[in-house]
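Encoded as structure tokens, the structure appears first; notes follow it.
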Amino acid sequence: MATRCTGAAILVAFAVISSVSAALFAPGSGVTWPVVSLAVATGLASLWLRRRDDGTERRVCVLVLGDLGRSPRMQYHALSLSKHGYHVTFVGFSETKPHEDVLRQERIKMEPIREVKGVQVGPKIFTYVTKVILQTLQLLLVLLKMETQSHILMQNPPGLPGMAVAWLVCVLRGSRFVVDWHNYGFTIMALSLGAAHPLVRLAKWYEHFFGPLAAHSLCVTAAMKDDLQKNWGIGATTLYDRPASVFRETPVKRRHELFVRLADAHLQFQSSGCEEDERVEGTAFSVRDLSGDAVTLRAERPALLLSSTSWTEDEDFSVLLDALEDYEGFINAGAALPPLVCVITGRGPQKDHYMKLIDSLRLEHVKICTPWLEAEDYPVLLGSADLGVCLHKSSSGLDLPMKVVDMFGCCLPVCAIHFNCLHELVKHEENGLIFRDSQELAEQLKSKGRPSLCLSLSSQGFPPQTADWETSGGTCGPAGDRAGTTTGTRTSCHWLRRPDGTFNHRRQD
């Protein structure tokens with residue numbers, strides 16, 4: 001394939017030289033000769049790059065211009081495609097390790113790319129422009145070097161410059177371009193720059209221009225599907241997220257094993273007292289009898305609250321911190337509530353800002369821990385928690401937090417902050433609670449206390465999610481919803497072409 005790309009590059013270079021010569025030496029040619037020569041070169045290069053073999057229709061590129069380890073939906077796409085017999089090239093940053101299921105799958109080939117920083121001198125706009133140029137060249141090299149793919153499935157956002165590059169490569173190679181809309185990139189930029197900023201306006205134009213050029217589009221909510229159709233002229237298919245099979249309630253023994261490892265690095269998980277019996281291994285939440293290997297949860301253990309975040313502008317963690325201060329006040333005022341350990345996991349640009357706020361708190365009955373968890377440990381801790389809190393507020397009002405989906409998979413009670421289309425996922429007092437400010441969240445923490453120690457989830461108003469995600473075949477969300485899922489094996493690949501080349505488009509909605 002490298003020889004093929006080199007040949008195409010030689011054709012283009014030869015045509016460029018010929019066109020320049022024609023422009024300089026052909027009398028009266030004007031710009032006609034260069035334009036014609038470049039058009040011919042592009043056509044020849046495209047014909048060269050479109051050479052296909054017997055395996056082309058079973059190859060798909062899944063592209064993320066971000067960290068693969070923190071892109072669960074795209075990991076599920078890659079896994080689902082591989083289970084259907086497709087060979088997947090998974091392209092993205094390799095900052096954190098993807099899930100073991102992805103790494104073990106023989107049909108998935110990881111293709112790491114570097115996160116380009118741009119030239120770090122001069123004004124910020126110069127740094128940004130050079131970053132886009134260098135990222136464009138890197139993506140072109142990576143996508144043109146790989147074998148011809150039947151489809152390129154790309155996550156957006158981030159989409160600059162990936163959307164334009166992926167579309168161009170698809171045109172040159174005869175592949176189909178598919179965009180999975182998770183949100184709108186320009187609305188995320190507007191959170192920090194403002195909607196009127198020139199870069200935000202450029203990003204909006206960019207998405208509006210290249211988005212409709214995709215052969216097919218997927219999206220995460222019905223509200224986004226309607227907006228794409230009404231304001232963008234894009235007909236998309238809604239694929240709701242579903243939790244992978246690893247998201248489930250964690251057995252007590254596995255909880256203890258994780259608590260022990262976390263206690264080595266985080267005081268919040270360590271036992272508050274000295275274990276007198278050397279045959280006992282204890283944490284703040286659990287005890288293991290070393291003589292008989294029996295594990296039990298402490299009767300007087302703290303409640304375990306968990307929230308995950310990318311520490312970005314669309315999540316205001318001051319809401320949670322204020323609620324935790326109110327919870328501390330409830331206990332100090334005599335409320336019979338358990339002490340609380342709040343675990344906030346994740347990495348992101350605003351973490352240092354919130355760590356300063358956390359360090360300034362003076363809490364006795366509430367402890368806050370901010371570990372980074374490996375992909376395999378996150379579902380284990382989620383399945384061990386008593387309550388999940390989601391502070392995601394969509395920048396567009398059209399996407400849904402996948403962390404809540406994972407919490408549902410673990411049968412974990414969820415408190416989520418309100419925004420426009422949250423009702424597509426969380427039904428207040430049916431499968432979770434919705435709050436609008438820190439006071440409402442504090443009251444919900446107070447009223448629920450430690451749900452797993454009291455009544456069953458169903459009687460608490462948190463019915464467990466019992467569907468079989470791998471065979472649900474399109475059942476997702478509330479009963480009767482007919483949109484597809486990203487993990488249901490009969491729905492996630494409906495946008496692919498059949499082996500005979502015709503387009504296999506089964507609308508799910």
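Residue numbering restarts at 1 in every chain; chains get A, B, ... in the order shown in the structure tokens, and ligands count up from 1 in that same order.
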
Pull the helix (DSSP H, G or I) assignments for region 137-374 of chain A out of DSSP run on the backbone, and list those residues as a ChimeraX atom specification. /A:137-145,162-173,185-193,198-213,222-232,252-265,267-269,318-332,351-360

Go through region 202-320 of chain A and flag each residue having an atom no more than 12 Å from region 98-103 of chain A; for those, report the closest pair of atoms plus their distance in Å to one decimal, using only C-alpha atoms, ordered by chain and rising number, as a Markdown table.
```
| residue | atom | partner | partner_atom | distance |
| --- | --- | --- | --- | --- |
| A:Ala244 | CA | A:Asp101 | CA | 10.5 |
| A:Ser245 | CA | A:Asp101 | CA | 10.7 |
| A:Val246 | CA | A:Asp101 | CA | 9.9 |
```

Keeping only C-alpha atoms, write the selected residues as a compact mmCIF listing (two decimals), in the first residue's frame.
```
# COMPACT_ATOMS: atom_id res chain seq x y z
CA ALA A 244 -21.34 -2.90 27.92
CA SER A 245 -21.63 -6.22 29.73
CA VAL A 246 -18.82 -5.21 32.12
```

I need the residues in region 115-350 of chain A that are strand (DSSP E or B) according to DSSP; give them as a ChimeraX atom specification. /A:151-156,176-181,216-219,236-240,280-282,286-289,294-297,303-308,315,340-345

Pairwise distance, CA of Leu373 (chain A) with CA of Ala385 (chain A), equals 14.4 Å

When distances are computed from only C-alpha atoms, which of A:Asn420, A:Gln439, A:Ser395, A:Gln229 shows the smallest separation from Met189 (chain A)?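 Residue with the minimum atom-to-atom distance to Met189 (chain A): A:Ser395.
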
Find, counting only C-alpha atoms, the residue in A:Gly235, A:Pro157, A:Pro413, A:Pro198 that gets nearest to Asn183 (chain A). A:Pro157

Distance criterion (only C-alpha atoms): nearest to Cys219 (chain A) out of A:Arg347, A:Arg436, A:Arg173, A:Arg73: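 Among the listed residues, A:Arg73 lies closest to Cys219 (chain A).
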
Using only C-alpha atoms, which protein or nucleic acid residues come within 7 Å of Met110 (chain A)? Drop anything in the same chain fewer than 5 positions from it, and give the result as a PyMOL selection string. chain A and resi 89-91

Might you pull out every residue within 8 Å of Gly185 (chain A), with only C-alpha atoms counted and same-chain residues fewer than 5 positions away left off, and present them as a count of residues only? 7

Rows by chain and residue number, region 349-446 of chain A within 12 Å of region 278-288 of chain A, shortest pair, only C-alpha atoms, as CSV:
```
residue,atom,partner,partner_atom,distance
A:Lys367,CA,A:Ala284,CA,11.6
A:Ser384,CA,A:Phe285,CA,10.0
A:Ala385,CA,A:Phe285,CA,10.5
A:Asp386,CA,A:Phe285,CA,11.5
```

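Checking A:Gly211, A:Phe317, A:Leu218, A:Gly329 one by one against His353 (chain A), counting only C-alpha atoms, you find the shortest gap at A:Phe317.
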
Record the distance separating CA of His256 (chain A) and CA of Val295 (chain A), expressed in Å with one decimal. 7.3 Å
